[in-house]
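Q: Let me give you the structure first, and then I'll get to my questions.
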Amino acid sequence: MRKLLTLLFFLPFAALAAYAPPLEYGVATTVTFDLYNTDGTLDVDEVDSGTEVTLYCDEAAGATATNDFVDEGTFYSIALTAAEMQCARLVVSVGATDTNNIHIWTIGNASAQVDDDGGWYDAVPWNASWDAEVESEVTDALVADGLDHIVSAPATGTDVANDSLIAQMVADDATADWDTYDNTTDSLEALRNRGDAAWTTGSGTGLTAIASGTAQSATGTTLVLASGETFADDELIGSVVQITGGSTGVGQTQCIADNVGTTDTISFDVAWVTTPTGTITYEIAPSIGKDCPQTSADIVNEWESQSQADPTGFHVNVQEVSGTAQTANDNGADINAILVDTGTTLDGAIATVDGNVDAILVDTGTTLDSAIATVDTNVDAILVDTNELQADWANGGRLDLILDARASQASVDTIDGIVDAMLIDTSTTLDNAIAAVQTVVDLLEDGSILASGTCDSGTTTTCVDATLTQANDYWNGAAIVFTSGTIAGQTSCVYDFVAASDTLTFRARTAAVSTNTYILVESAVCEGVVSP
């Protein structure tokens with residue numbers, strides 16, 4: 001084969017030189033290519049002799065391709081099987097006088113040159129030197145950007161960049177600087193335990209601490225402030241104290257009910273939930289209101305004192321009346337309107353009801369009395385008639401004589417039994433007998449009676465008669481008509497006769513044969529009848 005220059009075309013890609021773009025691992029495909037003569041002209045008449053194409057899978061020994069290449073007219077193709085495509089790297093070598101190779105890389109599988117994640121080899125060669133180098137470069141980058149100080153000790157002047165998002169989270173400077181951050185006062189834990197200055201001196205609550213310090217001791221309802229406090233007796237009543245530090249009881253707030261300046265002791269109407277212990281720190285702030293009573297008795301007493309001092313100042317604030325929203329000033333007018341309405345509309349309604357009741361009473365004394373009198377007359381008539389009926393029922397009365405003349409129940413039962421027996425006999429024995437007589441009459445008229453007799457015994461399908469002395473099957477095809485008993489009038493076809501037992505066998509009747517009389521007659525219908 002002449003020297004080849006191979007160009008591969010894989011839709012939608014086109015290969016450059018003798019290298020194909022990646023193909024799917026383990027998926028059968030067809031490779032198309034051109035062959036050129038040594039002078040550069042297109043070669044269109046090559047034929048595969050069966051061993052022209054050799055495949056090299058992952059640098060292993062070559063194997064002849066399963067399929068020959070095919071001359072497609074103006075180009076060539078070769079079909080590679082799914083098994084042949086199970087290689088990371090596949091070389092398709094087309095050989096003759098010269099050998100030309102087509103290089104294929106596969107994708108889409110863990111065993112492919114490019115794996116199913118789209119990356120190259122999963123297991124990249126690695127060593128300790130590479131690891132140390134990567135770690136060094138990363139550390140240098142963290143140090144250069146100051147990010148190392150986020151997870152390690154910050155250093156003044158080399159901390160995170162000023163005005164960065166991290167710096168703005170911890171500093172309130174015009175240009176946020178990490179150096180101004182003090183974790184002992186600015187950390188989340190410090191803010192939680194104590195609260196920062198903006199909370200107590202700024203516009204947060206509007207409250208300024210009266211005093212703070214470390215308490216000398218505490219009981220369930222008292223706290224001894226720091227030695228040297230200069231508050232006069234009762235000066236702190238109504239103020240609020242909060243425990244800001246200690247072993248237990250931290251965060252609790254109490255309203256000061258009394259204070260003694262000489263002993264620095266404040267006391268409360270309600271005991272601590274948890275008595276503070278340890279090194280107890282506190283902060284005292286003024287109460288928002290006039291004072292801060294703690295017990296329910298204090299609240300009731302305050303309400304009573306205020307209501308007695310200014311009764312007009314205490315109003316019930318009804319939020320809504322008849323679906324209409326109310327204000328505090330509306331309520332008095334609404335109540336007055338109700339009082340006016342009660343004195344007019346309600347009184348008028350009561351007067352109307354009273355008039356109706358009077359009319360009912362008048363009507364009761366006229367119409368109702370007349371109706372009651374009519375009912376009383378009717379009742380009297382019913383009583384008279386009832387008395388007459390009671391006389392008729394008496395012994396010897398009209399109704400009693402009629403009942404005495406009636407036949408006894410025993411006589412009626414006897415007559416009923418006789419009638420029932422007659423009805424039964426008429427619908428069974430008499431009807432059957434009439435039917436049997438009619439059948440015999442019809443047969444006599446036809447002159448087709450072959451024999452007659454009386455069964456000695458039998459079943460619903462057999463009759464045994466010792467007077468029958470004919471040969472076997474002699475009576476087969478005849479009709480048997482019963483002329484007595486409960487099956488009188490019934491007819492059946494004889495399909496077997498056994499001479500040895502004098503037995504006629506026929507299709508079943510409604511009752512078993514006993515000593516019934518019968519006749520045997522010719523029958524076109526029964527000829528050829530066999531066992532059912």
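Naming works like this for the structure tokens: A, B, ... for the chains as they're shown, residue 1 at the start of each chain, ligands 1 onward in shown order.
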If we count only C-alpha atoms, what is near Phe497 (chain A) at a cut-off of 8 Å, once residues fewer than 4 positions away on the same chain are taken out, given as a list of chain:residue names?
A: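 Everything that qualifies: A:Asn472, A:Asp473, A:Tyr474, A:Trp475, A:Asn476, A:Asp502, A:Thr503, A:Leu504, A:Thr505.
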Q: Based on the selection just made, write N, CA and C atoms of those residues as a PDB file, in the first residue's frame.
A:
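Final output, out_38.pdb:
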```
ATOM      1  N   ASN A 472     -82.304 -59.660  26.467  1.00  0.00           N
ATOM      2  CA  ASN A 472     -81.617 -58.392  26.758  1.00  0.00           C
ATOM      3  C   ASN A 472     -81.900 -57.346  25.672  1.00  0.00           C
ATOM      4  N   ASP A 473     -82.130 -56.098  26.120  1.00  0.00           N
ATOM      5  CA  ASP A 473     -82.318 -54.925  25.237  1.00  0.00           C
ATOM      6  C   ASP A 473     -83.597 -55.013  24.424  1.00  0.00           C
ATOM      7  N   TYR A 474     -84.468 -55.954  24.742  1.00  0.00           N
ATOM      8  CA  TYR A 474     -85.697 -56.110  23.957  1.00  0.00           C
ATOM      9  C   TYR A 474     -86.543 -54.836  24.030  1.00  0.00           C
ATOM     10  N   TRP A 475     -86.628 -54.243  25.193  1.00  0.00           N
ATOM     11  CA  TRP A 475     -87.502 -53.069  25.366  1.00  0.00           C
ATOM     12  C   TRP A 475     -86.771 -51.733  25.142  1.00  0.00           C
ATOM     13  N   ASN A 476     -85.515 -51.763  24.684  1.00  0.00           N
ATOM     14  CA  ASN A 476     -84.773 -50.514  24.428  1.00  0.00           C
ATOM     15  C   ASN A 476     -85.494 -49.688  23.368  1.00  0.00           C
ATOM     16  N   ASP A 502     -84.614 -58.808  35.039  1.00  0.00           N
ATOM     17  CA  ASP A 502     -85.942 -58.285  34.673  1.00  0.00           C
ATOM     18  C   ASP A 502     -86.024 -56.773  34.942  1.00  0.00           C
ATOM     19  N   THR A 503     -84.938 -56.018  34.601  1.00  0.00           N
ATOM     20  CA  THR A 503     -84.846 -54.593  34.967  1.00  0.00           C
ATOM     21  C   THR A 503     -84.910 -53.698  33.740  1.00  0.00           C
ATOM     22  N   LEU A 504     -85.865 -52.764  33.803  1.00  0.00           N
ATOM     23  CA  LEU A 504     -85.959 -51.698  32.807  1.00  0.00           C
ATOM     24  C   LEU A 504     -85.209 -50.472  33.355  1.00  0.00           C
ATOM     25  N   THR A 505     -84.352 -49.869  32.517  1.00  0.00           N
ATOM     26  CA  THR A 505     -83.627 -48.651  32.942  1.00  0.00           C
ATOM     27  C   THR A 505     -84.032 -47.504  32.040  1.00  0.00           C
TER      28      THR A 505
END
```
Q: Rounded to one decimal, what separation in Å do you get between CA of Glu283 (chain A) and CA of Met169 (chain A)?
A: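 For CA of Glu283 (chain A) relative to CA of Met169 (chain A), the distance reads 27.7 Å.
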Q: What gap, in Å, lies between CA of Thr486 (chain A) and CA of Ala500 (chain A)?
A: 28.1 Å
Q: Out of region 27-269 of chain A, which residues get helix (DSSP H, G or I) from DSSP, as a ChimeraX atom specification?
A: /A:128-144,148-151,165-170,178-180,183-186,188-193,197-201
Q: Choose the residue, out of A:Leu42, A:Leu383, A:Leu80, A:Leu361, that has the smallest atom-to-atom separation from Thr30 (chain A); count only C-alpha atoms.
A: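 That would be A:Leu80, the residue with the smallest distance to Thr30 (chain A).
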Q: Taking 4 positions as the minimum chain separation for residues in the same chain, which residues sit within 9 Å of Thr510 (chain A) when counting only C-alpha atoms? Answer as a list in words.
A: Thr460, Thr486, Ile487 and Gln490 of chain A
Q: To one decimal in Å, tell me the separation between CA of Ser247 (chain A) and CA of Ala218 (chain A).
A: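 Taking CA of Ser247 (chain A) as the start and CA of Ala218 (chain A) as the end point, the length is 12.3 Å.
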